[in-house]
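What's in run_16.pdb: PDB, N, CA and C atoms, pLDDT in the B column
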ATOM      1  N   LYS A   1     -33.099  62.449  80.101  1.00 81.00           N
ATOM      2  CA  LYS A   1     -32.309  63.461  80.783  1.00 81.00           C
ATOM      3  C   LYS A   1     -30.995  62.867  81.270  1.00 81.00           C
ATOM      4  N   HIS A   2     -31.086  61.654  81.813  1.00 79.00           N
ATOM      5  CA  HIS A   2     -29.906  61.002  82.370  1.00 79.00           C
ATOM      6  C   HIS A   2     -28.850  60.761  81.285  1.00 79.00           C
ATOM      7  N   GLU A   3     -29.279  60.256  80.132  1.00 82.00           N
ATOM      8  CA  GLU A   3     -28.342  59.999  79.036  1.00 82.00           C
ATOM      9  C   GLU A   3     -27.649  61.288  78.588  1.00 82.00           C
ATOM     10  N   TYR A   4     -28.392  62.365  78.506  1.00 85.00           N
ATOM     11  CA  TYR A   4     -27.819  63.650  78.106  1.00 85.00           C
ATOM     12  C   TYR A   4     -26.780  64.112  79.128  1.00 85.00           C
ATOM     13  N   GLU A   5     -27.108  64.039  80.394  1.00 82.00           N
ATOM     14  CA  GLU A   5     -26.177  64.485  81.442  1.00 82.00           C
ATOM     15  C   GLU A   5     -24.884  63.680  81.422  1.00 82.00           C
ATOM     16  N   ILE A   6     -24.989  62.389  81.155  1.00 82.00           N
ATOM     17  CA  ILE A   6     -23.806  61.531  81.142  1.00 82.00           C
ATOM     18  C   ILE A   6     -22.918  61.816  79.936  1.00 82.00           C
ATOM     19  N   THR A   7     -23.532  62.060  78.785  1.00 82.00           N
ATOM     20  CA  THR A   7     -22.759  62.143  77.546  1.00 82.00           C
ATOM     21  C   THR A   7     -22.427  63.550  77.064  1.00 82.00           C
ATOM     22  N   LYS A   8     -23.011  64.580  77.641  1.00 83.00           N
ATOM     23  CA  LYS A   8     -22.828  65.930  77.090  1.00 83.00           C
ATOM     24  C   LYS A   8     -21.380  66.413  77.123  1.00 83.00           C
ATOM     25  N   ASN A   9     -20.561  65.928  78.032  1.00 82.00           N
ATOM     26  CA  ASN A   9     -19.173  66.382  78.125  1.00 82.00           C
ATOM     27  C   ASN A   9     -18.167  65.383  77.564  1.00 82.00           C
ATOM     28  N   LEU A  10     -18.661  64.300  76.969  1.00 84.00           N
ATOM     29  CA  LEU A  10     -17.758  63.323  76.365  1.00 84.00           C
ATOM     30  C   LEU A  10     -17.258  63.837  75.024  1.00 84.00           C
ATOM     31  N   ASP A  11     -16.025  63.529  74.704  1.00 83.00           N
ATOM     32  CA  ASP A  11     -15.482  63.840  73.386  1.00 83.00           C
ATOM     33  C   ASP A  11     -14.711  62.613  72.925  1.00 83.00           C
ATOM     34  N   LEU A  12     -15.460  61.607  72.482  1.00 84.00           N
ATOM     35  CA  LEU A  12     -14.866  60.338  72.098  1.00 84.00           C
ATOM     36  C   LEU A  12     -15.112  60.073  70.617  1.00 84.00           C
ATOM     37  N   ALA A  13     -14.076  59.649  69.919  1.00 82.00           N
ATOM     38  CA  ALA A  13     -14.225  59.295  68.509  1.00 82.00           C
ATOM     39  C   ALA A  13     -15.229  58.158  68.373  1.00 82.00           C
ATOM     40  N   GLY A  14     -16.107  58.268  67.399  1.00 81.00           N
ATOM     41  CA  GLY A  14     -17.073  57.203  67.147  1.00 81.00           C
ATOM     42  C   GLY A  14     -18.328  57.274  67.984  1.00 81.00           C
ATOM     43  N   ILE A  15     -18.420  58.245  68.875  1.00 84.00           N
ATOM     44  CA  ILE A  15     -19.593  58.379  69.739  1.00 84.00           C
ATOM     45  C   ILE A  15     -20.333  59.654  69.345  1.00 84.00           C
ATOM     46  N   ILE A  16     -21.603  59.512  68.985  1.00 84.00           N
ATOM     47  CA  ILE A  16     -22.414  60.662  68.580  1.00 84.00           C
ATOM     48  C   ILE A  16     -22.598  61.592  69.768  1.00 84.00           C
ATOM     49  N   LYS A  17     -22.482  62.883  69.502  1.00 88.00           N
ATOM     50  CA  LYS A  17     -22.578  63.890  70.563  1.00 88.00           C
ATOM     51  C   LYS A  17     -24.011  64.392  70.723  1.00 88.00           C
ATOM     52  N   PRO A  18     -24.458  64.520  71.961  1.00 90.00           N
ATOM     53  CA  PRO A  18     -25.774  65.124  72.194  1.00 90.00           C
ATOM     54  C   PRO A  18     -25.648  66.646  72.163  1.00 90.00           C
ATOM     55  N   TYR A  19     -26.611  67.318  71.541  1.00 91.00           N
ATOM     56  CA  TYR A  19     -26.582  68.780  71.478  1.00 91.00           C
ATOM     57  C   TYR A  19     -27.445  69.426  72.543  1.00 91.00           C
ATOM     58  N   SER A  20     -28.634  68.877  72.751  1.00 92.00           N
ATOM     59  CA  SER A  20     -29.530  69.517  73.714  1.00 92.00           C
ATOM     60  C   SER A  20     -30.710  68.616  74.034  1.00 92.00           C
ATOM     61  N   LEU A  21     -31.445  69.040  75.043  1.00 92.00           N
ATOM     62  CA  LEU A  21     -32.740  68.444  75.376  1.00 92.00           C
ATOM     63  C   LEU A  21     -33.792  69.489  75.036  1.00 92.00           C
ATOM     64  N   GLU A  22     -34.834  69.070  74.344  1.00 93.00           N
ATOM     65  CA  GLU A  22     -35.894  69.990  73.945  1.00 93.00           C
ATOM     66  C   GLU A  22     -37.239  69.438  74.399  1.00 93.00           C
ATOM     67  N   ASN A  23     -38.105  70.314  74.850  1.00 92.00           N
ATOM     68  CA  ASN A  23     -39.473  69.901  75.148  1.00 92.00           C
ATOM     69  C   ASN A  23     -40.168  69.593  73.832  1.00 92.00           C
ATOM     70  N   TYR A  24     -40.830  68.453  73.783  1.00 92.00           N
ATOM     71  CA  TYR A  24     -41.522  68.040  72.564  1.00 92.00           C
ATOM     72  C   TYR A  24     -42.811  67.331  72.944  1.00 92.00           C
ATOM     73  N   GLN A  25     -43.928  67.886  72.508  1.00 93.00           N
ATOM     74  CA  GLN A  25     -45.249  67.372  72.828  1.00 93.00           C
ATOM     75  C   GLN A  25     -45.352  67.193  74.339  1.00 93.00           C
ATOM     76  N   ASN A  26     -45.547  65.989  74.817  1.00 92.00           N
ATOM     77  CA  ASN A  26     -45.680  65.760  76.263  1.00 92.00           C
ATOM     78  C   ASN A  26     -44.422  65.163  76.880  1.00 92.00           C
ATOM     79  N   GLY A  27     -43.296  65.313  76.199  1.00 92.00           N
ATOM     80  CA  GLY A  27     -42.073  64.708  76.706  1.00 92.00           C
ATOM     81  C   GLY A  27     -40.853  65.541  76.364  1.00 92.00           C
ATOM     82  N   ILE A  28     -39.724  64.877  76.353  1.00 92.00           N
ATOM     83  CA  ILE A  28     -38.445  65.525  76.080  1.00 92.00           C
ATOM     84  C   ILE A  28     -37.773  64.783  74.933  1.00 92.00           C
ATOM     85  N   ALA A  29     -37.186  65.536  74.012  1.00 92.00           N
ATOM     86  CA  ALA A  29     -36.449  64.951  72.891  1.00 92.00           C
ATOM     87  C   ALA A  29     -34.963  65.226  73.078  1.00 92.00           C
ATOM     88  N   LEU A  30     -34.159  64.211  72.875  1.00 90.00           N
ATOM     89  CA  LEU A  30     -32.708  64.343  72.927  1.00 90.00           C
ATOM     90  C   LEU A  30     -32.225  64.641  71.511  1.00 90.00           C
ATOM     91  N   ILE A  31     -31.636  65.799  71.302  1.00 92.00           N
ATOM     92  CA  ILE A  31     -31.151  66.215  69.984  1.00 92.00           C
ATOM     93  C   ILE A  31     -29.698  65.769  69.856  1.00 92.00           C
ATOM     94  N   LEU A  32     -29.437  64.921  68.851  1.00 89.00           N
ATOM     95  CA  LEU A  32     -28.118  64.340  68.652  1.00 89.00           C
ATOM     96  C   LEU A  32     -27.453  64.885  67.395  1.00 89.00           C
ATOM     97  N   GLU A  33     -26.139  64.815  67.384  1.00 89.00           N
ATOM     98  CA  GLU A  33     -25.327  65.191  66.235  1.00 89.00           C
ATOM     99  C   GLU A  33     -25.744  64.366  65.013  1.00 89.00           C
ATOM    100  N   ASP A  34     -25.766  65.005  63.849  1.00 90.00           N
ATOM    101  CA  ASP A  34     -25.965  64.290  62.585  1.00 90.00           C
ATOM    102  C   ASP A  34     -24.579  63.911  62.092  1.00 90.00           C
ATOM    103  N   PHE A  35     -24.245  62.632  62.182  1.00 83.00           N
ATOM    104  CA  PHE A  35     -22.895  62.205  61.843  1.00 83.00           C
ATOM    105  C   PHE A  35     -22.680  62.072  60.341  1.00 83.00           C
ATOM    106  N   GLY A  36     -23.738  62.290  59.555  1.00 84.00           N
ATOM    107  CA  GLY A  36     -23.588  62.323  58.106  1.00 84.00           C
ATOM    108  C   GLY A  36     -23.354  60.971  57.459  1.00 84.00           C
ATOM    109  N   GLY A  37     -23.680  59.914  58.140  1.00 81.00           N
ATOM    110  CA  GLY A  37     -23.456  58.584  57.585  1.00 81.00           C
ATOM    111  C   GLY A  37     -24.729  57.779  57.501  1.00 81.00           C
ATOM    112  N   ARG A  38     -24.549  56.503  57.249  1.00 80.00           N
ATOM    113  CA  ARG A  38     -25.675  55.571  57.188  1.00 80.00           C
ATOM    114  C   ARG A  38     -25.599  54.646  58.390  1.00 80.00           C
ATOM    115  N   SER A  39     -26.732  54.072  58.717  1.00 77.00           N
ATOM    116  CA  SER A  39     -26.727  53.104  59.815  1.00 77.00           C
ATOM    117  C   SER A  39     -25.976  51.849  59.368  1.00 77.00           C
ATOM    118  N   LEU A  40     -25.489  51.100  60.311  1.00 77.00           N
ATOM    119  CA  LEU A  40     -24.803  49.846  60.008  1.00 77.00           C
ATOM    120  C   LEU A  40     -25.739  48.908  59.256  1.00 77.00           C
ATOM    121  N   GLN A  41     -26.995  48.883  59.648  1.00 79.00           N
ATOM    122  CA  GLN A  41     -27.976  48.023  58.981  1.00 79.00           C
ATOM    123  C   GLN A  41     -28.110  48.393  57.501  1.00 79.00           C
ATOM    124  N   GLU A  42     -28.204  49.677  57.189  1.00 81.00           N
ATOM    125  CA  GLU A  42     -28.286  50.114  55.788  1.00 81.00           C
ATOM    126  C   GLU A  42     -27.019  49.732  55.026  1.00 81.00           C
ATOM    127  N   PHE A  43     -25.891  49.917  55.654  1.00 78.00           N
ATOM    128  CA  PHE A  43     -24.611  49.611  55.022  1.00 78.00           C
ATOM    129  C   PHE A  43     -24.513  48.132  54.676  1.00 78.00           C
ATOM    130  N   ILE A  44     -24.908  47.286  55.606  1.00 79.00           N
ATOM    131  CA  ILE A  44     -24.831  45.838  55.418  1.00 79.00           C
ATOM    132  C   ILE A  44     -25.817  45.367  54.351  1.00 79.00           C
ATOM    133  N   CYS A  45     -27.003  45.959  54.313  1.00 82.00           N
ATOM    134  CA  CYS A  45     -28.041  45.529  53.367  1.00 82.00           C
ATOM    135  C   CYS A  45     -27.724  45.914  51.928  1.00 82.00           C
ATOM    136  N   ASP A  46     -26.885  46.913  51.699  1.00 78.00           N
ATOM    137  CA  ASP A  46     -26.576  47.355  50.340  1.00 78.00           C
ATOM    138  C   ASP A  46     -25.864  46.281  49.525  1.00 78.00           C
ATOM    139  N   SER A  47     -24.926  45.613  50.123  1.00 82.00           N
ATOM    140  CA  SER A  47     -24.172  44.575  49.412  1.00 82.00           C
ATOM    141  C   SER A  47     -23.338  43.792  50.421  1.00 82.00           C
ATOM    142  N   PRO A  48     -22.881  42.615  50.034  1.00 84.00           N
ATOM    143  CA  PRO A  48     -22.008  41.856  50.941  1.00 84.00           C
ATOM    144  C   PRO A  48     -20.760  42.671  51.286  1.00 84.00           C
ATOM    145  N   ILE A  49     -20.301  42.512  52.503  1.00 87.00           N
ATOM    146  CA  ILE A  49     -19.132  43.260  52.968  1.00 87.00           C
ATOM    147  C   ILE A  49     -17.908  42.345  52.918  1.00 87.00           C
ATOM    148  N   PRO A  50     -16.853  42.788  52.249  1.00 92.00           N
ATOM    149  CA  PRO A  50     -15.617  41.999  52.269  1.00 92.00           C
ATOM    150  C   PRO A  50     -15.124  41.841  53.714  1.00 92.00           C
ATOM    151  N   ILE A  51     -14.505  40.726  54.002  1.00 94.00           N
ATOM    152  CA  ILE A  51     -14.066  40.414  55.365  1.00 94.00           C
ATOM    153  C   ILE A  51     -13.153  41.509  55.921  1.00 94.00           C
ATOM    154  N   ARG A  52     -12.306  42.080  55.096  1.00 96.00           N
ATOM    155  CA  ARG A  52     -11.401  43.138  55.564  1.00 96.00           C
ATOM    156  C   ARG A  52     -12.199  44.352  56.055  1.00 96.00           C
ATOM    157  N   ASP A  53     -13.234  44.744  55.296  1.00 90.00           N
ATOM    158  CA  ASP A  53     -14.078  45.873  55.704  1.00 90.00           C
ATOM    159  C   ASP A  53     -14.859  45.537  56.968  1.00 90.00           C
ATOM    160  N   PHE A  54     -15.369  44.296  57.031  1.00 89.00           N
ATOM    161  CA  PHE A  54     -16.093  43.865  58.225  1.00 89.00           C
ATOM    162  C   PHE A  54     -15.204  43.974  59.461  1.00 89.00           C
ATOM    163  N   LEU A  55     -13.978  43.486  59.350  1.00 95.00           N
ATOM    164  CA  LEU A  55     -13.061  43.522  60.494  1.00 95.00           C
ATOM    165  C   LEU A  55     -12.704  44.954  60.882  1.00 95.00           C
ATOM    166  N   THR A  56     -12.540  45.831  59.911  1.00 94.00           N
ATOM    167  CA  THR A  56     -12.264  47.241  60.204  1.00 94.00           C
ATOM    168  C   THR A  56     -13.411  47.859  60.990  1.00 94.00           C
ATOM    169  N   ILE A  57     -14.646  47.584  60.550  1.00 88.00           N
ATOM    170  CA  ILE A  57     -15.826  48.104  61.251  1.00 88.00           C
ATOM    171  C   ILE A  57     -15.908  47.514  62.655  1.00 88.00           C
ATOM    172  N   ALA A  58     -15.721  46.204  62.774  1.00 90.00           N
ATOM    173  CA  ALA A  58     -15.822  45.535  64.078  1.00 90.00           C
ATOM    174  C   ALA A  58     -14.774  46.065  65.058  1.00 90.00           C
ATOM    175  N   ILE A  59     -13.563  46.269  64.587  1.00 95.00           N
ATOM    176  CA  ILE A  59     -12.500  46.797  65.452  1.00 95.00           C
ATOM    177  C   ILE A  59     -12.833  48.222  65.887  1.00 95.00           C
ATOM    178  N   GLY A  60     -13.346  49.031  64.977  1.00 91.00           N
ATOM    179  CA  GLY A  60     -13.740  50.399  65.321  1.00 91.00           C
ATOM    180  C   GLY A  60     -14.852  50.431  66.355  1.00 91.00           C
ATOM    181  N   LEU A  61     -15.844  49.564  66.181  1.00 88.00           N
ATOM    182  CA  LEU A  61     -16.937  49.493  67.154  1.00 88.00           C
ATOM    183  C   LEU A  61     -16.430  49.059  68.526  1.00 88.00           C
ATOM    184  N   ALA A  62     -15.580  48.037  68.537  1.00 92.00           N
ATOM    185  CA  ALA A  62     -15.034  47.555  69.806  1.00 92.00           C
ATOM    186  C   ALA A  62     -14.181  48.627  70.482  1.00 92.00           C
ATOM    187  N   SER A  63     -13.419  49.366  69.695  1.00 93.00           N
ATOM    188  CA  SER A  63     -12.591  50.441  70.238  1.00 93.00           C
ATOM    189  C   SER A  63     -13.457  51.543  70.850  1.00 93.00           C
ATOM    190  N   SER A  64     -14.511  51.944  70.143  1.00 89.00           N
ATOM    191  CA  SER A  64     -15.414  52.975  70.672  1.00 89.00           C
ATOM    192  C   SER A  64     -16.080  52.506  71.954  1.00 89.00           C
ATOM    193  N   LEU A  65     -16.530  51.274  71.975  1.00 89.00           N
ATOM    194  CA  LEU A  65     -17.162  50.728  73.172  1.00 89.00           C
ATOM    195  C   LEU A  65     -16.167  50.665  74.330  1.00 89.00           C
ATOM    196  N   GLY A  66     -14.920  50.325  74.032  1.00 91.00           N
ATOM    197  CA  GLY A  66     -13.883  50.321  75.060  1.00 91.00           C
ATOM    198  C   GLY A  66     -13.665  51.703  75.657  1.00 91.00           C
ATOM    199  N   GLU A  67     -13.693  52.734  74.820  1.00 89.00           N
ATOM    200  CA  GLU A  67     -13.538  54.106  75.311  1.00 89.00           C
ATOM    201  C   GLU A  67     -14.708  54.506  76.206  1.00 89.00           C
ATOM    202  N   VAL A  68     -15.905  54.086  75.836  1.00 88.00           N
ATOM    203  CA  VAL A  68     -17.080  54.350  76.677  1.00 88.00           C
ATOM    204  C   VAL A  68     -16.872  53.711  78.048  1.00 88.00           C
ATOM    205  N   HIS A  69     -16.424  52.461  78.062  1.00 89.00           N
ATOM    206  CA  HIS A  69     -16.196  51.762  79.333  1.00 89.00           C
ATOM    207  C   HIS A  69     -15.080  52.417  80.148  1.00 89.00           C
ATOM    208  N   LYS A  70     -14.031  52.902  79.488  1.00 91.00           N
ATOM    209  CA  LYS A  70     -12.945  53.582  80.201  1.00 91.00           C
ATOM    210  C   LYS A  70     -13.436  54.832  80.922  1.00 91.00           C
ATOM    211  N   ASN A  71     -14.521  55.416  80.413  1.00 87.00           N
ATOM    212  CA  ASN A  71     -15.109  56.606  81.028  1.00 87.00           C
ATOM    213  C   ASN A  71     -16.183  56.244  82.044  1.00 87.00           C
ATOM    214  N   ASN A  72     -16.176  54.977  82.469  1.00 87.00           N
ATOM    215  CA  ASN A  72     -17.095  54.478  83.499  1.00 87.00           C
ATOM    216  C   ASN A  72     -18.568  54.665  83.141  1.00 87.00           C
ATOM    217  N   ILE A  73     -18.872  54.510  81.864  1.00 85.00           N
ATOM    218  CA  ILE A  73     -20.256  54.601  81.412  1.00 85.00           C
ATOM    219  C   ILE A  73     -20.773  53.194  81.159  1.00 85.00           C
ATOM    220  N   ILE A  74     -21.910  52.915  81.741  1.00 81.00           N
ATOM    221  CA  ILE A  74     -22.568  51.625  81.555  1.00 81.00           C
ATOM    222  C   ILE A  74     -23.756  51.855  80.632  1.00 81.00           C
ATOM    223  N   HIS A  75     -23.868  51.044  79.621  1.00 77.00           N
ATOM    224  CA  HIS A  75     -24.955  51.174  78.651  1.00 77.00           C
ATOM    225  C   HIS A  75     -25.928  50.012  78.808  1.00 77.00           C
ATOM    226  N   LYS A  76     -27.152  50.219  78.346  1.00 74.00           N
ATOM    227  CA  LYS A  76     -28.148  49.147  78.417  1.00 74.00           C
ATOM    228  C   LYS A  76     -28.037  48.215  77.225  1.00 74.00           C
ATOM    229  N   ASP A  77     -28.007  48.756  76.036  1.00 73.00           N
ATOM    230  CA  ASP A  77     -27.922  47.919  74.846  1.00 73.00           C
ATOM    231  C   ASP A  77     -27.271  48.687  73.707  1.00 73.00           C
ATOM    232  N   ILE A  78     -26.714  47.935  72.795  1.00 72.00           N
ATOM    233  CA  ILE A  78     -26.084  48.506  71.613  1.00 72.00           C
ATOM    234  C   ILE A  78     -26.821  47.907  70.419  1.00 72.00           C
ATOM    235  N   LYS A  79     -27.291  48.760  69.509  1.00 67.00           N
ATOM    236  CA  LYS A  79     -28.051  48.291  68.351  1.00 67.00           C
ATOM    237  C   LYS A  79     -27.438  48.867  67.079  1.00 67.00           C
ATOM    238  N   PRO A  80     -27.506  48.100  65.969  1.00 59.00           N
ATOM    239  CA  PRO A  80     -26.986  48.626  64.713  1.00 59.00           C
ATOM    240  C   PRO A  80     -27.802  49.788  64.183  1.00 59.00           C
ATOM    241  N   SER A  81     -29.074  49.843  64.504  1.00 56.00           N
ATOM    242  CA  SER A  81     -29.926  50.978  64.131  1.00 56.00           C
ATOM    243  C   SER A  81     -31.158  50.955  65.010  1.00 56.00           C
ATOM    244  N   THR A  82     -31.866  52.075  65.043  1.00 47.00           N
ATOM    245  CA  THR A  82     -33.081  52.128  65.852  1.00 47.00           C
ATOM    246  C   THR A  82     -34.270  52.465  65.000  1.00 47.00           C
TER     247      THR A  82
END
Take the structure in the file and write it out as C-alpha cells.
Amino acid sequence: KHEYEITKNLDLAGIIKPYSLENYQNGIALILEDFGGRSLQEFICDSPIPIRDFLTIAIGLASSLGEVHKNNIIHKDIKPST
C-alpha cells in the first residue's frame, strides 16, 4: 500500500507507473504498467553488450534513479529483475 501511495502521482521517465491495488487471495496485489520491454537480466543474457550500449543503459538508469531521489523517495533496493 505504501509503495502505491508514494508512486501513484509520479510521472517520471523510466519509472514504471502503478495502476491500482487489488485484493488478491489473502493479500493485496500492486498492478503495474506493462512497459512492453524485457528485463535487464534477459537483455544481458541474450548476447554480449557493446560498451556504448552498456553506457547508454547505465546512464539512463542513473538518471532515473536521480529523478526518484529528487522527488524525495527513498528505495530499499534496486534489482535488474525480480
Can you pull out every residue within 8 Å of Ser63 of chain A, counting all atoms listed in the file, but drop anything in the same chain fewer than 6 positions away, and send it as a PyMOL selection string?
chain A and resi 13-14+57+69
Residue subset to file, keeping N, CA and C atoms, as a short mmCIF file (atom, residue, chain, number, x, y, z; two decimals), keeping the file's coordinate frame:
data_model
loop_
_atom_site.label_atom_id
_atom_site.label_comp_id
_atom_site.auth_asym_id
_atom_site.auth_seq_id
_atom_site.Cartn_x
_atom_site.Cartn_y
_atom_site.Cartn_z
N ALA A 13 -14.08 59.65 69.92
CA ALA A 13 -14.22 59.30 68.51
C ALA A 13 -15.23 58.16 68.37
N GLY A 14 -16.11 58.27 67.40
CA GLY A 14 -17.07 57.20 67.15
C GLY A 14 -18.33 57.27 67.98
N ILE A 57 -14.65 47.58 60.55
CA ILE A 57 -15.83 48.10 61.25
C ILE A 57 -15.91 47.51 62.66
N HIS A 69 -16.42 52.46 78.06
CA HIS A 69 -16.20 51.76 79.33
C HIS A 69 -15.08 52.42 80.15
#
DSSP says alpha helix (DSSP H) for which residues of chain A? Put them as a PyMOL selection string?
chain A and resi 2-7+40-46+51-70
Care to translate the PyMOL selection byres (((chain A and resi 6 and name CA) around 12) and name CA) into actual residues of this file, as number ranges by chain?
A: 1-5, 7-11, 17-18, 68, 71-75
What gap, in Å, lies between atom CA of Leu61 of chain A and atom CA of Glu33 of chain A?
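Separation between atom CA of Leu61 of chain A and atom CA of Glu33 of chain A: 17.8 Å.
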Please list as a PyMOL selection string every residue within 12 Å of Phe43 of chain A, counting only C-alpha atoms and excluding residues in the same chain fewer than 3 positions away.
chain A and resi 37-40+46-49+53-54+57+80-81
I need the residues in chain A that are strand (DSSP E or B) according to DSSP; give them as number ranges by chain.
A: 18-24, 27-32
d(atom CA of Ile16 of chain A, atom CA of Ile44 of chain A) in Å:
20.0 Å
